[in-house]
file run_8.tsv (TSV, C-alpha atoms and all ligand atoms)
chain	number	residue	atom	x	y	z
O	1	MET	CA	-60.04	-3.39	31.73
O	2	HIS	CA	-57.14	-1.13	32.61
O	3	THR	CA	-54.39	-0.35	30.14
O	4	LEU	CA	-51.08	1.34	30.92
O	5	THR	CA	-48.15	2.18	28.70
O	6	LEU	CA	-44.62	1.47	29.85
O	7	THR	CA	-42.10	3.34	27.75
O	8	PRO	CA	-38.66	1.84	28.41
O	9	PRO	CA	-35.86	4.38	28.73
O	10	ALA	CA	-34.00	4.99	25.47
O	11	ARG	CA	-31.54	2.17	25.12
O	12	SER	CA	-28.18	3.49	26.23
O	13	VAL	CA	-25.50	1.51	24.50
O	14	ALA	CA	-21.91	2.58	25.00
O	15	PRO	CA	-19.92	3.16	21.80
O	16	THR	CA	-17.63	0.35	20.66
O	17	ARG	CA	-13.94	1.20	20.52
O	18	ILE	CA	-12.33	-0.33	17.42
O	19	VAL	CA	-8.54	-0.43	17.39
O	20	ILE	CA	-6.88	-1.43	14.09
O	21	GLY	CA	-3.16	-1.89	13.52
O	22	ASP	CA	-0.05	-3.96	13.90
O	23	ASP	CA	0.16	-3.48	17.61
O	24	ALA	CA	-3.55	-3.31	18.41
O	25	LEU	CA	-3.30	-6.09	21.03
O	26	SER	CA	-1.29	-3.79	23.27
O	27	ALA	CA	-4.59	-1.94	23.93
O	28	LEU	CA	-6.14	-5.06	25.49
O	29	PRO	CA	-4.91	-4.99	29.14
O	30	ASP	CA	-6.27	-1.47	29.71
O	31	LEU	CA	-9.73	-2.65	28.64
O	32	LEU	CA	-9.76	-5.44	31.21
O	33	SER	CA	-9.94	-3.96	34.66
O	34	ALA	CA	-12.74	-6.40	35.54
O	35	GLU	CA	-12.83	-8.59	38.64
O	36	ARG	CA	-12.59	-11.64	36.43
O	37	THR	CA	-11.81	-12.21	32.78
O	38	VAL	CA	-13.06	-15.16	30.76
O	39	VAL	CA	-11.07	-15.89	27.61
O	40	LEU	CA	-13.09	-17.79	25.06
O	41	PHE	CA	-10.93	-19.00	22.20
O	42	ASP	CA	-11.03	-21.20	19.12
O	43	GLN	CA	-8.87	-24.20	20.04
O	44	SER	CA	-6.81	-23.83	16.87
O	45	VAL	CA	-5.58	-20.39	18.00
O	46	GLU	CA	-4.79	-21.37	21.58
O	47	ALA	CA	-1.20	-20.11	21.29
O	48	ILE	CA	-2.41	-16.68	20.08
O	49	ALA	CA	-4.99	-16.56	22.90
O	50	LYS	CA	-2.50	-17.44	25.63
O	51	LYS	CA	-0.01	-14.86	24.40
O	52	ALA	CA	-2.68	-12.17	24.07
O	53	VAL	CA	-3.74	-12.47	27.72
O	54	SER	CA	-0.38	-13.38	29.26
O	55	SER	CA	-0.40	-10.24	31.42
O	56	LEU	CA	-3.74	-11.09	33.09
O	57	GLN	CA	-4.03	-12.58	36.56
O	58	ASN	CA	-5.70	-15.99	36.50
O	59	PRO	CA	-8.11	-15.65	33.56
O	60	LEU	CA	-10.65	-18.45	33.04
O	61	MET	CA	-9.56	-19.97	29.70
O	62	ILE	CA	-12.31	-21.81	27.77
O	63	GLY	CA	-11.42	-23.46	24.45
O	64	VAL	CA	-14.05	-24.20	21.81
O	65	PRO	CA	-13.60	-26.76	19.00
O	66	SER	CA	-12.98	-25.12	15.59
O	67	GLY	CA	-15.74	-25.08	13.01
O	68	ASP	CA	-19.18	-23.54	12.58
O	69	ALA	CA	-20.87	-26.53	14.24
O	70	SER	CA	-19.65	-25.00	17.54
O	71	LYS	CA	-22.06	-22.09	17.05
O	72	SER	CA	-24.67	-24.05	19.03
O	73	LEU	CA	-26.85	-23.84	22.11
O	74	GLU	CA	-24.93	-26.85	23.49
O	75	GLN	CA	-21.76	-24.75	23.49
O	76	VAL	CA	-23.62	-21.82	25.09
O	77	GLU	CA	-24.76	-24.14	27.86
O	78	ARG	CA	-21.32	-25.66	28.34
O	79	ILE	CA	-19.59	-22.25	28.48
O	80	THR	CA	-22.13	-20.64	30.83
O	81	ALA	CA	-21.97	-23.70	33.13
O	82	GLN	CA	-18.19	-23.33	33.34
O	83	MET	CA	-18.52	-19.61	34.03
O	84	LEU	CA	-21.07	-20.20	36.80
O	85	GLY	CA	-18.89	-22.97	38.25
O	86	ALA	CA	-15.93	-20.58	38.34
O	87	GLY	CA	-17.94	-17.93	40.19
O	88	CYS	CA	-18.23	-15.40	37.36
O	89	THR	CA	-20.49	-12.42	38.07
O	90	ARG	CA	-22.06	-9.52	36.19
O	91	LYS	CA	-18.71	-7.78	36.52
O	92	THR	CA	-16.93	-10.46	34.50
O	93	VAL	CA	-15.62	-9.47	31.06
O	94	ILE	CA	-15.51	-12.02	28.24
O	95	VAL	CA	-12.67	-11.78	25.72
O	96	CYS	CA	-13.37	-13.71	22.50
O	97	ILE	CA	-10.33	-14.72	20.47
O	98	GLY	CA	-10.85	-16.42	17.12
O	99	GLY	CA	-12.74	-16.03	13.86
O	100	GLY	CA	-16.42	-15.30	13.28
O	101	MET	CA	-17.40	-18.58	14.90
O	102	ILE	CA	-15.99	-17.46	18.27
O	103	THR	CA	-17.06	-13.81	18.07
O	104	ASP	CA	-20.66	-14.81	17.15
O	105	LEU	CA	-20.82	-17.48	19.87
O	106	GLY	CA	-18.96	-15.53	22.57
O	107	GLY	CA	-20.82	-12.31	21.80
O	108	PHE	CA	-24.07	-14.21	22.31
O	109	VAL	CA	-22.88	-15.66	25.63
O	110	ALA	CA	-21.91	-12.13	26.73
O	111	GLY	CA	-25.40	-10.89	25.83
O	112	VAL	CA	-27.22	-13.52	27.88
O	113	PHE	CA	-24.94	-14.42	30.81
O	114	MET	CA	-26.71	-12.91	33.84
O	115	ARG	CA	-28.59	-10.76	31.26
O	116	GLY	CA	-25.41	-9.30	29.91
O	117	VAL	CA	-21.72	-8.82	30.66
O	118	PRO	CA	-19.24	-6.76	28.63
O	119	CYS	CA	-17.17	-8.40	25.93
O	120	VAL	CA	-14.07	-7.55	23.96
O	121	LEU	CA	-13.61	-9.18	20.56
O	122	VAL	CA	-10.21	-10.11	19.16
O	123	PRO	CA	-10.86	-11.40	15.62
O	124	THR	CA	-8.09	-13.61	14.23
O	125	THR	CA	-9.43	-14.13	10.69
O	126	LEU	CA	-9.72	-11.57	7.90
O	127	LEU	CA	-13.46	-12.32	7.75
O	128	GLY	CA	-13.79	-11.68	11.47
O	129	MET	CA	-11.85	-8.42	11.27
O	130	VAL	CA	-13.82	-6.87	8.42
O	131	ASP	CA	-17.27	-8.20	9.17
O	132	ALA	CA	-18.17	-10.70	11.91
O	133	ALA	CA	-16.65	-8.80	14.84
O	134	ILE	CA	-18.04	-5.43	13.75
O	135	GLY	CA	-21.58	-4.30	14.49
O	136	GLY	CA	-22.80	-6.35	17.45
O	137	LYS	CA	-24.67	-9.17	15.69
O	138	THR	CA	-24.27	-12.44	17.57
O	139	ALA	CA	-25.83	-15.82	16.93
O	140	VAL	CA	-25.82	-19.58	17.13
O	141	ASN	CA	-27.22	-21.94	14.51
O	142	ALA	CA	-30.40	-23.83	15.40
O	143	GLY	CA	-33.14	-25.94	13.87
O	144	GLY	CA	-30.95	-26.77	10.88
O	145	SER	CA	-30.64	-23.10	9.90
O	146	LYS	CA	-27.91	-20.48	10.25
O	147	ASN	CA	-27.94	-17.84	12.99
O	148	MET	CA	-31.50	-18.55	14.13
O	149	ILE	CA	-30.95	-17.67	17.79
O	150	GLY	CA	-29.05	-14.51	18.53
O	151	SER	CA	-28.99	-10.93	19.68
O	152	VAL	CA	-27.56	-7.53	18.89
O	153	THR	CA	-24.99	-7.14	21.65
O	154	HIS	CA	-22.49	-4.40	20.99
O	155	PRO	CA	-19.00	-5.26	22.28
O	156	LYS	CA	-17.09	-2.89	24.48
O	157	ALA	CA	-14.16	-3.00	22.08
O	158	VAL	CA	-12.83	-4.77	19.01
O	159	ILE	CA	-9.09	-5.30	18.71
O	160	VAL	CA	-8.08	-5.78	15.08
O	161	ASP	CA	-4.41	-6.77	15.32
O	162	LEU	CA	-3.22	-7.36	11.77
O	163	THR	CA	-0.20	-9.40	12.90
O	164	LEU	CA	-2.64	-12.17	13.90
O	165	LEU	CA	-3.24	-12.78	10.20
O	166	GLN	CA	0.31	-14.08	9.75
O	167	SER	CA	-0.72	-17.64	10.57
O	168	LEU	CA	-3.92	-17.51	8.54
O	169	PRO	CA	-3.88	-19.93	5.57
O	170	ALA	CA	-4.42	-18.44	2.08
O	171	ALA	CA	-7.74	-20.30	1.84
O	172	GLN	CA	-9.01	-18.34	4.86
O	173	VAL	CA	-7.84	-15.05	3.33
O	174	GLN	CA	-10.06	-15.92	0.36
O	175	GLN	CA	-12.97	-16.51	2.72
O	176	GLY	CA	-12.55	-13.02	4.17
O	177	MET	CA	-12.36	-11.57	0.67
O	178	ALA	CA	-15.92	-12.82	0.00
O	179	GLU	CA	-17.33	-10.49	2.69
O	180	ILE	CA	-15.02	-7.65	1.58
O	181	ILE	CA	-16.31	-7.92	-2.00
O	182	LYS	CA	-19.87	-8.03	-0.62
O	183	ILE	CA	-19.38	-4.85	1.44
O	184	ALA	CA	-17.78	-2.94	-1.43
O	185	ALA	CA	-20.23	-4.14	-4.11
O	186	ILE	CA	-23.36	-3.15	-2.22
O	187	LEU	CA	-22.23	-0.19	-0.09
O	188	ASP	CA	-19.16	1.57	-1.42
O	189	GLN	CA	-18.38	2.20	-5.09
O	190	PRO	CA	-14.96	3.89	-4.58
O	191	PHE	CA	-13.89	0.98	-2.37
O	192	PHE	CA	-15.07	-1.49	-5.04
O	193	GLU	CA	-13.00	0.32	-7.68
O	194	TRP	CA	-10.01	0.32	-5.32
O	195	LEU	CA	-10.48	-3.45	-4.90
O	196	GLU	CA	-10.52	-3.97	-8.67
O	197	GLU	CA	-7.04	-2.38	-8.68
O	198	ASN	CA	-5.65	-3.91	-5.52
O	199	ILE	CA	-7.25	-7.30	-4.88
O	200	ASP	CA	-4.13	-9.26	-5.85
O	201	ALA	CA	-2.00	-7.35	-3.34
O	202	VAL	CA	-4.54	-7.95	-0.58
O	203	LEU	CA	-4.80	-11.66	-1.41
O	204	ALA	CA	-1.00	-11.79	-1.20
O	205	MET	CA	-1.34	-10.06	2.21
O	206	LYS	CA	0.87	-7.13	1.23
O	207	LYS	CA	1.01	-5.18	4.46
O	208	GLU	CA	-0.07	-1.67	3.45
O	209	LYS	CA	-2.79	-2.78	1.05
O	210	THR	CA	-4.18	-5.24	3.60
O	211	GLU	CA	-4.35	-2.55	6.26
O	212	GLU	CA	-6.04	-0.11	3.89
O	213	CYS	CA	-8.52	-2.79	2.80
O	214	VAL	CA	-9.42	-3.72	6.39
O	215	ILE	CA	-9.85	-0.08	7.42
O	216	ARG	CA	-12.05	0.72	4.38
O	217	ALA	CA	-14.26	-2.34	4.93
O	218	VAL	CA	-14.63	-1.62	8.66
O	219	GLU	CA	-15.43	2.04	7.97
O	220	ALA	CA	-18.15	1.08	5.48
O	221	LYS	CA	-19.67	-1.37	7.96
O	222	VAL	CA	-19.47	1.09	10.87
O	223	ARG	CA	-21.35	3.75	8.83
O	224	THR	CA	-24.05	1.22	8.04
O	225	VAL	CA	-24.49	-0.12	11.58
O	226	GLU	CA	-24.55	3.41	13.00
O	227	ALA	CA	-27.53	4.11	10.75
O	228	ASP	CA	-29.32	0.83	11.55
O	229	ASP	CA	-28.02	-1.82	13.95
O	230	HIS	CA	-31.16	-4.00	13.89
O	231	ASP	CA	-31.58	-4.95	10.21
O	232	ARG	CA	-34.51	-2.55	9.76
O	233	ASP	CA	-33.33	-1.01	6.48
O	234	VAL	CA	-29.80	-0.23	5.33
O	235	ARG	CA	-28.09	-3.01	7.34
O	236	LEU	CA	-30.23	-5.52	5.45
O	237	LEU	CA	-28.04	-4.77	2.42
O	238	LEU	CA	-25.14	-6.53	4.15
O	239	ASN	CA	-27.12	-9.74	3.64
O	240	PHE	CA	-26.18	-9.71	-0.07
O	241	GLY	CA	-25.40	-13.33	-0.97
O	242	HIS	CA	-26.70	-14.64	2.33
O	243	THR	CA	-30.25	-15.75	1.43
O	244	VAL	CA	-28.90	-18.38	-0.95
O	245	GLY	CA	-25.56	-18.62	0.90
O	246	HIS	CA	-26.98	-19.51	4.31
O	247	ALA	CA	-29.16	-22.22	2.70
O	248	VAL	CA	-26.13	-23.72	0.93
O	249	GLU	CA	-24.12	-23.55	4.15
O	250	ALA	CA	-26.83	-25.20	6.28
O	251	LEU	CA	-27.44	-27.95	3.72
O	252	SER	CA	-23.72	-28.74	3.70
O	253	GLY	CA	-24.00	-29.44	7.44
O	254	TYR	CA	-21.72	-26.37	7.99
O	255	THR	CA	-18.84	-28.06	6.18
O	256	LEU	CA	-18.80	-25.48	3.36
O	257	PRO	CA	-17.04	-22.38	4.73
O	258	HIS	CA	-19.17	-19.25	5.14
O	259	GLY	CA	-17.25	-17.13	2.59
O	260	SER	CA	-17.54	-19.82	-0.09
O	261	ALA	CA	-21.26	-20.19	0.60
O	262	ILE	CA	-21.95	-16.47	0.24
O	263	SER	CA	-19.78	-16.22	-2.87
O	264	ILE	CA	-22.08	-18.78	-4.49
O	265	GLY	CA	-25.01	-16.89	-2.97
O	266	MET	CA	-23.93	-13.53	-4.44
O	267	ASN	CA	-23.46	-15.05	-7.87
O	268	ILE	CA	-26.88	-16.72	-7.87
O	269	GLU	CA	-28.72	-13.74	-6.35
O	270	MET	CA	-27.20	-11.43	-8.99
O	271	ALA	CA	-28.35	-13.85	-11.72
O	272	LEU	CA	-31.87	-13.81	-10.25
O	273	SER	CA	-31.98	-10.01	-10.06
O	274	GLY	CA	-30.52	-9.28	-13.49
O	275	PHE	CA	-27.89	-6.87	-12.08
O	276	ALA	CA	-26.06	-5.35	-15.08
O	277	ASP	CA	-22.65	-5.05	-13.41
O	278	ALA	CA	-22.71	-8.63	-12.08
O	279	PRO	CA	-19.68	-9.64	-14.23
O	280	ARG	CA	-17.49	-7.13	-12.33
O	281	VAL	CA	-18.45	-8.69	-9.00
O	282	THR	CA	-18.05	-12.21	-10.38
O	283	ALA	CA	-14.61	-11.30	-11.72
O	284	LEU	CA	-13.44	-10.33	-8.23
O	285	LEU	CA	-14.91	-13.48	-6.66
O	286	LYS	CA	-13.10	-15.54	-9.32
O	287	LYS	CA	-9.81	-13.73	-8.68
O	288	ALA	CA	-10.20	-14.55	-5.01
O	289	GLY	CA	-10.50	-18.24	-5.94
O	290	LEU	CA	-14.04	-18.46	-4.53
O	291	PRO	CA	-16.67	-20.88	-5.85
O	292	LEU	CA	-19.55	-19.53	-7.96
O	293	GLU	CA	-21.79	-22.47	-8.73
O	294	LEU	CA	-24.34	-24.22	-6.54
O	295	PRO	CA	-22.98	-27.56	-5.26
O	296	SER	CA	-24.53	-30.32	-7.36
O	297	ALA	CA	-25.10	-32.35	-4.18
O	298	HIS	CA	-28.04	-30.18	-3.16
O	299	ALA	CA	-31.36	-30.30	-5.01
O	300	LYS	CA	-32.70	-26.82	-5.75
O	301	LYS	CA	-36.01	-27.61	-4.12
O	302	ASP	CA	-34.19	-28.43	-0.86
O	303	LEU	CA	-32.27	-25.17	-1.12
O	304	TRP	CA	-35.50	-23.27	-1.73
O	305	ALA	CA	-37.05	-24.93	1.35
O	306	ALA	CA	-34.01	-23.80	3.39
O	307	MET	CA	-34.25	-20.27	1.93
O	308	LYS	CA	-37.84	-20.09	3.14
O	309	THR	CA	-36.56	-20.03	6.74
O	310	ASP	CA	-34.47	-16.87	6.06
O	311	LYS	CA	-34.97	-14.11	8.62
O	312	LYS	CA	-35.52	-11.43	5.95
O	313	ASN	CA	-38.63	-13.11	4.51
O	314	GLU	CA	-41.95	-11.32	4.71
O	315	ASP	CA	-45.49	-12.47	3.89
O	316	GLY	CA	-44.30	-15.80	2.54
O	317	SER	CA	-41.89	-14.26	0.01
O	318	VAL	CA	-38.19	-15.14	-0.03
O	319	ARG	CA	-36.17	-11.93	-0.09
O	320	ALA	CA	-32.58	-11.06	-0.94
O	321	ALA	CA	-30.36	-7.97	-0.87
O	322	VAL	CA	-28.76	-7.30	-4.24
O	323	PRO	CA	-26.81	-4.42	-5.80
O	324	GLN	CA	-28.71	-2.12	-8.12
O	325	HIS	CA	-25.55	-0.30	-9.15
O	326	ILE	CA	-22.08	-0.90	-7.72
O	327	GLY	CA	-22.22	0.62	-4.22
O	328	GLU	CA	-26.03	0.75	-4.00
O	329	GLY	CA	-28.45	-2.00	-3.17
O	330	LYS	CA	-32.09	-2.92	-2.80
O	331	ILE	CA	-34.20	-5.74	-1.37
O	332	ILE	CA	-36.02	-7.92	-3.89
O	333	ALA	CA	-38.38	-10.90	-3.67
O	334	LEU	CA	-36.97	-14.02	-5.32
O	335	ASP	CA	-39.14	-16.05	-7.66
O	336	GLU	CA	-39.35	-19.76	-6.84
O	337	ARG	CA	-39.90	-20.87	-10.43
O	338	VAL	CA	-36.99	-18.81	-11.75
O	339	PHE	CA	-34.75	-20.18	-8.97
O	340	LEU	CA	-35.78	-23.79	-9.67
O	341	SER	CA	-35.15	-23.33	-13.40
O	342	LEU	CA	-31.59	-22.00	-12.93
O	343	LYS	CA	-28.89	-23.99	-14.72
O	344	PRO	CA	-27.33	-26.39	-13.86
R	401	LIG	N1	-21.93	-11.31	13.26
R	401	LIG	C1	-21.78	-10.91	12.02
R	401	LIG	O1	-22.10	-9.77	11.66
R	401	LIG	C2	-21.16	-11.86	11.02
R	401	LIG	C3	-20.73	-11.37	9.78
R	401	LIG	C4	-20.11	-12.24	8.91
R	401	LIG	C5	-19.92	-13.58	9.26
R	401	LIG	N2	-20.36	-14.03	10.46
R	401	LIG	C6	-20.13	-15.43	10.88
R	401	LIG	O2	-18.73	-15.67	10.95
R	401	LIG	C7	-18.50	-17.06	10.76
R	401	LIG	C8	-17.34	-17.26	9.80
R	401	LIG	O3	-16.20	-16.65	10.34
R	401	LIG	P1	-14.72	-17.15	9.96
R	401	LIG	O4	-14.60	-17.26	8.49
R	401	LIG	O5	-13.78	-16.28	10.70
R	401	LIG	O6	-14.73	-18.66	10.46
R	401	LIG	P2	-14.07	-19.42	11.70
R	401	LIG	O7	-14.17	-18.64	12.95
R	401	LIG	O8	-14.68	-20.77	11.68
R	401	LIG	O9	-12.51	-19.49	11.29
R	401	LIG	C9	-12.13	-20.13	10.09
R	401	LIG	C10	-10.97	-21.11	10.33
R	401	LIG	O10	-9.78	-20.38	10.58
R	401	LIG	C11	-9.12	-20.87	11.75
R	401	LIG	N3	-8.37	-19.73	12.29
R	401	LIG	C12	-8.88	-18.65	12.94
R	401	LIG	N4	-7.91	-17.74	13.15
R	401	LIG	C13	-6.76	-18.25	12.66
R	401	LIG	C14	-5.43	-17.77	12.58
R	401	LIG	N5	-5.09	-16.55	13.00
R	401	LIG	N6	-4.50	-18.58	12.04
R	401	LIG	C15	-4.85	-19.81	11.56
R	401	LIG	N7	-6.10	-20.30	11.57
R	401	LIG	C16	-7.05	-19.53	12.12
R	401	LIG	C17	-10.25	-21.42	12.59
R	401	LIG	O11	-9.80	-22.39	13.49
R	401	LIG	C18	-11.17	-22.03	11.54
R	401	LIG	O12	-10.73	-23.32	11.19
R	401	LIG	C19	-19.80	-17.67	10.27
R	401	LIG	O13	-20.42	-18.36	11.32
R	401	LIG	C20	-20.63	-16.46	9.90
R	401	LIG	O14	-22.02	-16.70	10.05
R	401	LIG	C21	-20.95	-13.18	11.35
R	402	ZN	ZN	-21.58	-13.32	6.19
call {"tool": "encode", "arguments": {"input": "run_8.tsv", "output": "structure tokens", "more": "lines below"}}
Ligand SMILES: NC(=O)c1ccc[n+]([C@@H]2O[C@H](COP(=O)([O-])OP(=O)(O)OC[C@H]3O[C@@H](n4cnc5c(N)ncnc54)[C@H](O)[C@@H]3O)[C@@H](O)[C@H]2O)c1
Ligand SMILES: [Zn+2]
result
Amino acid sequence: MHTLTLTPPARSVAPTRIVIGDDALSALPDLLSAERTVVLFDQSVEAIAKKAVSSLQNPLMIGVPSGDASKSLEQVERITAQMLGAGCTRKTVIVCIGGGMITDLGGFVAGVFMRGVPCVLVPTTLLGMVDAAIGGKTAVNAGGSKNMIGSVTHPKAVIVDLTLLQSLPAAQVQQGMAEIIKIAAILDQPFFEWLEENIDAVLAMKKEKTEECVIRAVEAKVRTVEADDHDRDVRLLLNFGHTVGHAVEALSGYTLPHGSAISIGMNIEMALSGFADAPRVTALLKKAGLPLELPSAHAKKDLWAAMKTDKKNEDGSVRAAVPQHIGEGKIIALDERVFLSLKP
């Protein structure tokens, strides 16, 4: 027998440039000197997408139907087939314009097309701007579970143009607030206290408060991903609400929006962990108009079975990230009997 060791070179990943502001889109053309640009967009923001890339020569425009069901391998296959048909190469750049659905799906395509092409993310939802587009996690749903096939593919740049939020319905602002509350509650106590003061102004999309909120959330996430981009330790905390939330979302057939699902998830996971300051987090979720209770349509044993497929699980235990104090978190194992005995 002969054994050799191959030590791959240290992974050299270029830093991601994140541009936040009212005129952030003006930075886009300079980032796209590629031979060919593919523009992947959520069909409901087609007008935004066309305007954003109006200065480009002959981009390949690919629309994707709205909704989380489009985060699928079928869409990956359809998009890559179109790119191959159009003669895209390793020098092609993919621009993803839409919410977390598009940035997760398009980021994944960028990671696997010819083993990787650069991508630029242009989030158009509050949730996308503060969370989904930041940090390089990409995924599609598979096997009846959320985000089961994916990669960590850091984008070349993220363009957070706050004017794109003007067309966003209030219900989608609430969805984004779920991830903002999550980030503040588990990572950043001063930001959480700021939110307690300012959440109404952000929900009303008051310009300065919204900008400050987005910048603070992005900064907290950037610090976390810089310390751990592969969910080895501190990034796991950003899964607060997601063990229960992803199960609720998958069981709804992806009809329950992600923010609503993780709001329910945070509330239940805090109840299971006995976190003393849970009422402060719940108060913010309530103010944001987010749901807190498990949908009665799903039996708890079915939810538990879905939670058992969670990526954080180890040695058969179902695990969740929960705050210990505001701004600090830990990973705990959830108890099946306690979960099944929760009211209602
Ligand atoms: N990769 C990550 O780190 C990460 C983090 C958090 C969430 N996510 C993922 O993000 C997804 C949720 O993202 P989302 O809430 O942005 O959902 P989404 O992309 O489905 O967008 C929500 C809705 O808003 C519409 N929309 C988008 N931009 C709009 C605009 N400017 N004006 C009007 N309507 C607009 C969309 O058509 C859609 O109907 C989930 O799949 C979740 O798993 C990923
Ligand atoms: Zn999430």
call {"tool": "closest_residue", "arguments": {"input": "run_8.tsv", "among": "O:Thr37, O:Thr16, O:Ser44, O:Gln172", "to": "Gly136 of chain O", "atoms": "all atoms listed in the file"}}
result
O:Thr16
call {"tool": "closest_atom_pairs", "arguments": {"input": "run_8.tsv", "of": "chain O", "to": "ligand LIG 401 (chain R)", "cutoff": "6 Å", "atoms": "all atoms listed in the file", "output": "JSON lines"}}
result
{"residue": "O:Asp42", "atom": "CA", "partner": "R:LIG401", "partner_atom": "O11", "distance": 5.9}
{"residue": "O:Ser44", "atom": "CA", "partner": "R:LIG401", "partner_atom": "O11", "distance": 4.7}
{"residue": "O:Val45", "atom": "CA", "partner": "R:LIG401", "partner_atom": "C13", "distance": 5.9}
{"residue": "O:Ser66", "atom": "CA", "partner": "R:LIG401", "partner_atom": "O11", "distance": 4.7}
{"residue": "O:Gly67", "atom": "CA", "partner": "R:LIG401", "partner_atom": "O8", "distance": 4.6}
{"residue": "O:Asp68", "atom": "CA", "partner": "R:LIG401", "partner_atom": "O8", "distance": 5.4}
{"residue": "O:Gly98", "atom": "CA", "partner": "R:LIG401", "partner_atom": "N4", "distance": 5.1}
{"residue": "O:Gly99", "atom": "CA", "partner": "R:LIG401", "partner_atom": "O7", "distance": 3.1}
{"residue": "O:Gly100", "atom": "CA", "partner": "R:LIG401", "partner_atom": "O3", "distance": 3.2}
{"residue": "O:Met101", "atom": "CA", "partner": "R:LIG401", "partner_atom": "O7", "distance": 3.8}
{"residue": "O:Ile102", "atom": "CA", "partner": "R:LIG401", "partner_atom": "O7", "distance": 5.7}
{"residue": "O:Asp104", "atom": "CA", "partner": "R:LIG401", "partner_atom": "N1", "distance": 5.4}
{"residue": "O:Thr124", "atom": "CA", "partner": "R:LIG401", "partner_atom": "N4", "distance": 4.3}
{"residue": "O:Thr125", "atom": "CA", "partner": "R:LIG401", "partner_atom": "N4", "distance": 4.6}
{"residue": "O:Leu127", "atom": "CA", "partner": "R:LIG401", "partner_atom": "O5", "distance": 4.9}
{"residue": "O:Gly128", "atom": "CA", "partner": "R:LIG401", "partner_atom": "O5", "distance": 4.7}
{"residue": "O:Asp131", "atom": "CA", "partner": "R:LIG401", "partner_atom": "C3", "distance": 4.7}
{"residue": "O:Ala132", "atom": "CA", "partner": "R:LIG401", "partner_atom": "C2", "distance": 3.3}
{"residue": "O:Lys137", "atom": "CA", "partner": "R:LIG401", "partner_atom": "N1", "distance": 4.2}
{"residue": "O:Thr138", "atom": "CA", "partner": "R:LIG401", "partner_atom": "N1", "distance": 5.0}
{"residue": "O:Leu164", "atom": "CA", "partner": "R:LIG401", "partner_atom": "N5", "distance": 5.1}
{"residue": "O:Leu165", "atom": "CA", "partner": "R:LIG401", "partner_atom": "N5", "distance": 5.0}
{"residue": "O:Ser167", "atom": "CA", "partner": "R:LIG401", "partner_atom": "N6", "distance": 4.2}
{"residue": "O:Leu168", "atom": "CA", "partner": "R:LIG401", "partner_atom": "N6", "distance": 3.7}
{"residue": "O:His258", "atom": "CA", "partner": "R:LIG401", "partner_atom": "C8", "distance": 5.4}
call {"tool": "closest_residue", "arguments": {"input": "run_8.tsv", "among": "O:Glu269, O:Glu179, O:Glu293, O:Glu35", "to": "ligand ZN 402 (chain R)", "atoms": "all atoms listed in the file"}}
result
O:Glu179
call {"tool": "atom_distance", "arguments": {"input": "run_8.tsv", "atom1": "atom CA of Ala247 of chain O", "atom2": "atom CA of Ile183 of chain O"}}
result
20.0 Å
call {"tool": "residues_around", "arguments": {"input": "run_8.tsv", "residues": "Lys50 of chain O", "least_positions_apart": "5", "cutoff": "10 Å", "atoms": "all atoms listed in the file", "output": "MDAnalysis selection string"}}
result
chainID O and resid 39 41 45 55:56 59 61 97
call {"tool": "write_last_selection", "arguments": {"input": "run_8.tsv", "atoms": "C-alpha atoms", "output": "tab-separated table (two decimals), in the coordinates of the input"}}
result
chain	number	residue	atom	x	y	z
O	39	VAL	CA	-11.07	-15.89	27.61
O	41	PHE	CA	-10.93	-19.00	22.20
O	45	VAL	CA	-5.58	-20.39	18.00
O	55	SER	CA	-0.40	-10.24	31.42
O	56	LEU	CA	-3.74	-11.09	33.09
O	59	PRO	CA	-8.11	-15.65	33.56
O	61	MET	CA	-9.56	-19.97	29.70
O	97	ILE	CA	-10.33	-14.72	20.47
call {"tool": "residues_around", "arguments": {"input": "run_8.tsv", "residues": "Arg36 of chain O", "least_positions_apart": "2", "cutoff": "9 Å", "atoms": "all atoms listed in the file", "output": "VMD selection string"}}
result
chain O and resid 32 to 34 38 57 to 60 88 to 89 91 to 94
call {"tool": "closest_residue", "arguments": {"input": "run_8.tsv", "among": "O:Ala321, O:Leu126, O:Leu40, O:Ala157", "to": "Leu105 of chain O", "atoms": "all atoms listed in the file"}}
result
O:Leu40
call {"tool": "residues_around", "arguments": {"input": "run_8.tsv", "residues": "Val281 of chain O", "least_positions_apart": "4", "cutoff": "8 Å", "atoms": "only C-alpha atoms", "output": "list of chain:residue names"}}
result
O:Ile181, O:Ala185, O:Asp277, O:Leu285
call {"tool": "closest_residue", "arguments": {"input": "run_8.tsv", "among": "O:Leu203, O:Ala52, O:Ala14, O:Ile262", "to": "Lys287 of chain O", "atoms": "only C-alpha atoms"}}
result
O:Leu203
call {"tool": "residues_around", "arguments": {"input": "run_8.tsv", "residues": "Asn147 of chain O", "least_positions_apart": "6", "cutoff": "9 Å", "atoms": "only C-alpha atoms", "output": "PyMOL selection string"}}
result
chain O and resi 71+104+138-141+246
call {"tool": "closest_residue", "arguments": {"input": "run_8.tsv", "among": "O:Ile20, O:Phe240, O:Asp335, O:Gly289", "to": "Ala217 of chain O", "atoms": "only C-alpha atoms"}}
result
O:Ile20
